[in-house]
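Asker: This one is run37.cif, mmCIF, C-alpha atoms.
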data_coords
#
loop_
_atom_site.label_atom_id
_atom_site.label_comp_id
_atom_site.auth_asym_id
_atom_site.auth_seq_id
_atom_site.Cartn_x
_atom_site.Cartn_y
_atom_site.Cartn_z
CA MET A 1 104.79 56.04 198.16
CA LYS A 2 105.53 59.54 199.51
CA LYS A 3 109.06 59.35 198.12
CA THR A 4 107.71 58.44 194.68
CA VAL A 5 105.27 61.36 194.71
CA LYS A 6 108.03 63.75 195.77
CA LEU A 7 110.35 62.40 193.08
CA VAL A 8 107.67 62.79 190.38
CA CYS A 9 106.90 66.34 191.58
CA PHE A 10 110.59 67.22 191.53
CA ALA A 11 110.96 65.82 187.99
CA LEU A 12 107.94 67.83 186.81
CA VAL A 13 109.35 71.03 188.33
CA LEU A 14 112.66 70.40 186.54
CA CYS A 15 110.79 69.89 183.25
CA LEU A 16 108.88 73.13 183.71
CA LEU A 17 112.02 75.07 184.57
CA SER A 18 113.89 73.68 181.58
CA SER A 19 110.95 74.64 179.34
CA VAL A 20 111.08 78.21 180.62
CA CYS A 21 114.84 78.32 180.05
CA VAL A 22 114.43 77.08 176.47
CA CYS A 23 111.75 79.69 175.79
CA LEU A 24 113.89 82.49 177.17
CA ALA A 25 117.16 81.30 175.65
CA ASP A 26 116.45 82.64 172.18
CA GLY A 27 114.57 85.81 173.09
CA GLY A 28 116.40 87.87 170.46
CA LYS A 29 115.50 85.71 167.46
CA ASP A 30 113.82 87.46 164.54
CA TYR A 31 110.49 85.75 163.79
CA SER A 32 109.40 88.23 161.12
CA GLY A 33 109.80 85.59 158.39
CA TYR A 34 107.09 83.41 159.89
CA LYS A 35 104.05 84.59 157.94
CA LYS A 36 102.08 81.36 157.41
CA TYR A 37 101.11 79.45 160.52
CA VAL A 38 99.23 76.14 160.71
CA SER A 39 97.68 74.87 163.94
CA LEU A 40 96.93 71.14 164.15
CA GLY A 41 95.28 69.17 166.91
CA ASP A 42 92.23 68.90 169.08
CA SER A 43 90.08 71.36 171.04
CA ILE A 44 93.03 72.66 173.04
CA PRO A 45 94.42 74.64 170.08
CA ALA A 46 90.99 75.08 168.50
CA GLY A 47 89.59 76.65 171.63
CA ILE A 48 85.89 76.86 172.27
CA GLY A 49 83.98 78.96 169.84
CA GLU A 50 81.57 79.22 167.00
CA ASN A 51 82.16 76.81 164.16
CA ASN A 52 83.36 78.24 160.88
CA GLU A 53 80.43 78.41 158.45
CA ASN A 54 82.61 77.27 155.54
CA ASN A 55 84.05 74.33 157.47
CA PRO A 56 82.18 73.23 160.61
CA PHE A 57 85.14 71.20 161.89
CA HIS A 58 87.74 73.96 162.17
CA TYR A 59 87.21 77.12 164.13
CA ARG A 60 89.39 79.88 165.51
CA THR A 61 88.68 81.15 168.98
CA PRO A 62 90.02 84.58 169.86
CA GLY A 63 92.41 84.22 172.77
CA ALA A 64 93.26 80.54 172.20
CA TYR A 65 97.02 80.04 171.91
CA PRO A 66 97.13 79.76 168.08
CA ASP A 67 95.32 83.09 167.87
CA ILE A 68 97.87 84.66 170.24
CA ILE A 69 100.80 83.22 168.27
CA ALA A 70 99.34 84.38 164.94
CA ASN A 71 98.72 87.87 166.29
CA THR A 72 102.16 88.09 167.90
CA LEU A 73 103.92 87.02 164.71
CA ASP A 74 101.51 88.94 162.49
CA ALA A 75 101.06 85.65 160.65
CA GLU A 76 98.17 84.21 158.69
CA LEU A 77 96.67 81.37 160.75
CA THR A 78 95.28 78.29 159.07
CA GLN A 79 93.33 76.60 161.85
CA LEU A 80 93.20 72.86 161.19
CA ALA A 81 92.67 71.86 164.81
CA CYS A 82 89.32 70.19 165.47
CA GLY A 83 87.55 69.67 168.75
CA GLY A 84 87.42 65.93 169.46
CA MET A 85 90.23 65.00 167.06
CA ARG A 86 92.53 62.16 168.04
CA THR A 87 95.88 61.06 166.68
CA VAL A 88 94.30 58.44 164.40
CA GLU A 89 92.12 61.07 162.74
CA LEU A 90 95.02 63.49 162.35
CA ARG A 91 97.08 60.70 160.82
CA ALA A 92 94.22 59.88 158.44
CA CYS A 93 94.12 63.56 157.41
CA LEU A 94 97.85 63.51 156.67
CA GLU A 95 98.19 60.10 154.96
CA ASP A 96 95.92 59.24 152.03
CA ASP A 97 96.55 55.51 152.37
CA TYR A 98 95.95 55.28 156.15
CA VAL A 99 92.63 53.67 157.09
CA MET A 100 91.37 54.32 160.60
CA PRO A 101 90.48 51.20 162.58
CA ASP A 102 86.72 50.75 163.07
CA GLU A 103 86.88 51.33 166.81
CA TYR A 104 88.07 54.89 166.20
CA THR A 105 85.31 56.12 163.92
CA PHE A 106 82.77 57.37 166.47
CA ASN A 107 84.14 60.97 166.72
CA PHE A 108 85.12 61.53 163.11
CA THR A 109 83.67 59.20 160.53
CA ARG A 110 85.74 58.20 157.53
CA GLU A 111 83.47 60.46 155.44
CA ILE A 112 84.33 63.48 157.60
CA VAL A 113 88.04 62.71 157.36
CA GLU A 114 87.73 62.37 153.57
CA GLU A 115 85.99 65.76 153.48
CA ILE A 116 88.61 67.66 155.49
CA ARG A 117 91.76 65.77 154.35
CA PRO A 118 92.41 67.96 151.26
CA LEU A 119 92.99 70.97 153.54
CA TYR A 120 95.94 69.50 155.44
CA VAL A 121 98.90 68.65 153.21
CA PRO A 122 98.82 71.86 151.08
CA ALA A 123 98.58 74.05 154.19
CA ILE A 124 101.44 72.19 155.89
CA LYS A 125 103.67 72.39 152.80
CA ASP A 126 103.09 76.15 152.65
CA ALA A 127 103.60 76.79 156.39
CA ASP A 128 106.47 78.67 157.98
CA ILE A 129 105.48 77.49 161.45
CA ILE A 130 103.36 74.56 162.63
CA THR A 131 102.13 73.71 166.12
CA ILE A 132 100.55 70.40 167.10
CA THR A 133 98.67 69.69 170.30
CA ILE A 134 96.93 66.33 170.24
CA GLY A 135 96.39 63.32 172.47
CA THR A 136 93.84 64.41 175.08
CA ASN A 137 91.00 62.69 173.26
CA ASP A 138 93.11 59.55 172.73
CA PHE A 139 93.48 59.24 176.48
CA VAL A 140 89.81 59.98 177.20
CA SER A 141 88.60 57.66 174.42
CA HIS A 142 90.77 54.80 175.68
CA ALA A 143 89.66 55.34 179.28
CA LEU A 144 85.99 55.46 178.24
CA LEU A 145 86.28 52.34 176.07
CA GLN A 146 87.97 50.48 178.92
CA ALA A 147 85.32 51.62 181.43
CA LEU A 148 82.52 50.59 179.07
CA ALA A 149 84.16 47.18 178.52
CA VAL A 150 84.39 46.62 182.28
CA ALA A 151 80.77 47.73 182.71
CA GLU A 152 79.66 45.30 180.01
CA ALA A 153 81.76 42.42 181.40
CA GLU A 154 80.42 43.03 184.92
CA ASP A 155 76.85 43.53 183.63
CA ILE A 156 76.74 47.05 185.05
CA ARG A 157 73.82 49.13 183.79
CA ILE A 158 74.98 52.18 181.83
CA ASP A 159 73.05 55.39 182.34
CA ALA A 160 71.25 56.65 179.23
CA LYS A 161 73.03 60.01 179.60
CA VAL A 162 76.43 58.31 179.27
CA THR A 163 75.27 56.56 176.09
CA GLU A 164 73.89 59.81 174.66
CA LEU A 165 77.11 61.70 175.40
CA GLU A 166 79.23 58.94 173.90
CA GLU A 167 77.10 58.73 170.74
CA ASN A 168 77.35 62.49 170.25
CA GLY A 169 81.15 62.48 170.64
CA PHE A 170 81.28 64.12 174.09
CA LEU A 171 83.68 61.56 175.47
CA CYS A 172 84.97 63.59 178.44
CA GLY A 173 81.40 64.17 179.63
CA ALA A 174 80.56 60.49 179.12
CA LEU A 175 83.62 59.37 181.09
CA ILE A 176 82.85 61.77 183.94
CA ALA A 177 79.20 60.67 184.03
CA LEU A 178 80.27 57.02 184.02
CA LEU A 179 82.66 57.53 186.91
CA LYS A 180 80.08 59.25 189.14
#
Would you kindly transcribe this structure into structure tokens?
Answerer:
Amino acid sequence: MKKTVKLVCFALVLCLLSSVCVCLADGGKDYSGYKKYVSLGDSIPAGIGENNENNPFHYRTPGAYPDIIANTLDAELTQLACGGMRTVELRACLEDDYVMPDEYTFNFTREIVEEIRPLYVPAIKDADIITITIGTNDFVSHALLQALAVAEAEDIRIDAKVTELEENGFLCGALIALLK
């Protein structure tokens, strides 16, 4: 077991070092042509902040990495990252004919996706640079659904707080509360 942990740690260090080398390898590149920047994903690129009054699903938090990139490049940022978004919702925003499975509609309903979908394709087509950070909520959602299934199968009583958090889309909080 110790050898496996050491091997995994070594592999992660190599990945990190190679990432740094890639970032530094092209330090002289001219990025002045990148004027339109689109950020896609979940709360990691969205950051934590006040919701945009015009669109309550997309917000730009000063200091979050898309804000830093936009400021560094002097680019116009179109923030299409949404807190709580998963890959199925992003896919539904990008593909008109994709229908999300029913088990994935508790964060973003189909109506919400229909409302925000028109923002995505035009912004992406017009972008000079696009970043995507997504998947955290997929992992948390899957873990929570599995934990809830086990709890139901084993007839384990679920705390009301877990149910409230889940119903309001706070899946990380619900998973943490369930595991306590």
Asker: So what do you get for atom CA of Ala64 of chain A versus atom CA of Leu77 of chain A, distance-wise?
Answerer: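 It comes out at 12.0 Å.
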Asker: Provide the atom CA of Pro66 of chain A to atom CA of Ser39 of chain A distance in Å, to one decimal place.
Answerer: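 Distance reported for this atom pair: 6.4 Å.
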Asker: Name the residues that the PyMOL selection byres ((chain A and resi 33) around 12) picks from the file above, as a list in words, using the file's chain letters and numbers.
Answerer: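 Applied to this file, the PyMOL selection byres ((chain A and resi 33) around 12) returns Lys29, Asp30, Tyr31, Ser32, Tyr34, Lys35, Lys36, Tyr37, Leu73, Asp74, Ala75, Glu76, Ala127, Asp128 and Ile129 of chain A.
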Asker: Just so the selection is clear, what residues does the PyMOL selection byres ((chain A and resi 110) around 12) cover here, as a PyMOL selection string?
Answerer: chain A and resi 88-90+92-93+96+98-109+111-117
Asker: Work out how far atom CA of Leu40 of chain A is from atom CA of Thr131 of chain A, in Å to one decimal.
Answerer: 6.1 Å
Asker: Identify the residues around (92.9, 63.1, 170.8) within a radius of 10 Å, measuring from only C-alpha atoms in the coordinates stated by the file, and give them as a count of residues only.
Answerer: 24
Asker: Using all atoms listed in the file, which of A:Leu94, A:Ile68, A:Ala149, A:Val38 sits nearest Ala81 of chain A?
Answerer: A:Val38
Asker: Taking all atoms listed in the file into account, which of A:Val150, A:Leu144, A:Leu80, A:Ile132 comes nearest Tyr120 of chain A?
Answerer: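 Ranked by minimum distance to Tyr120 of chain A, first place goes to A:Leu80.
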Asker: Using only C-alpha atoms, pick whichever of A:Pro118, A:Ala123, A:Pro62, A:Arg91 has the shortest atom-to-atom distance to Thr78 of chain A.
Answerer: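 Among the listed residues, A:Ala123 lies closest to Thr78 of chain A.
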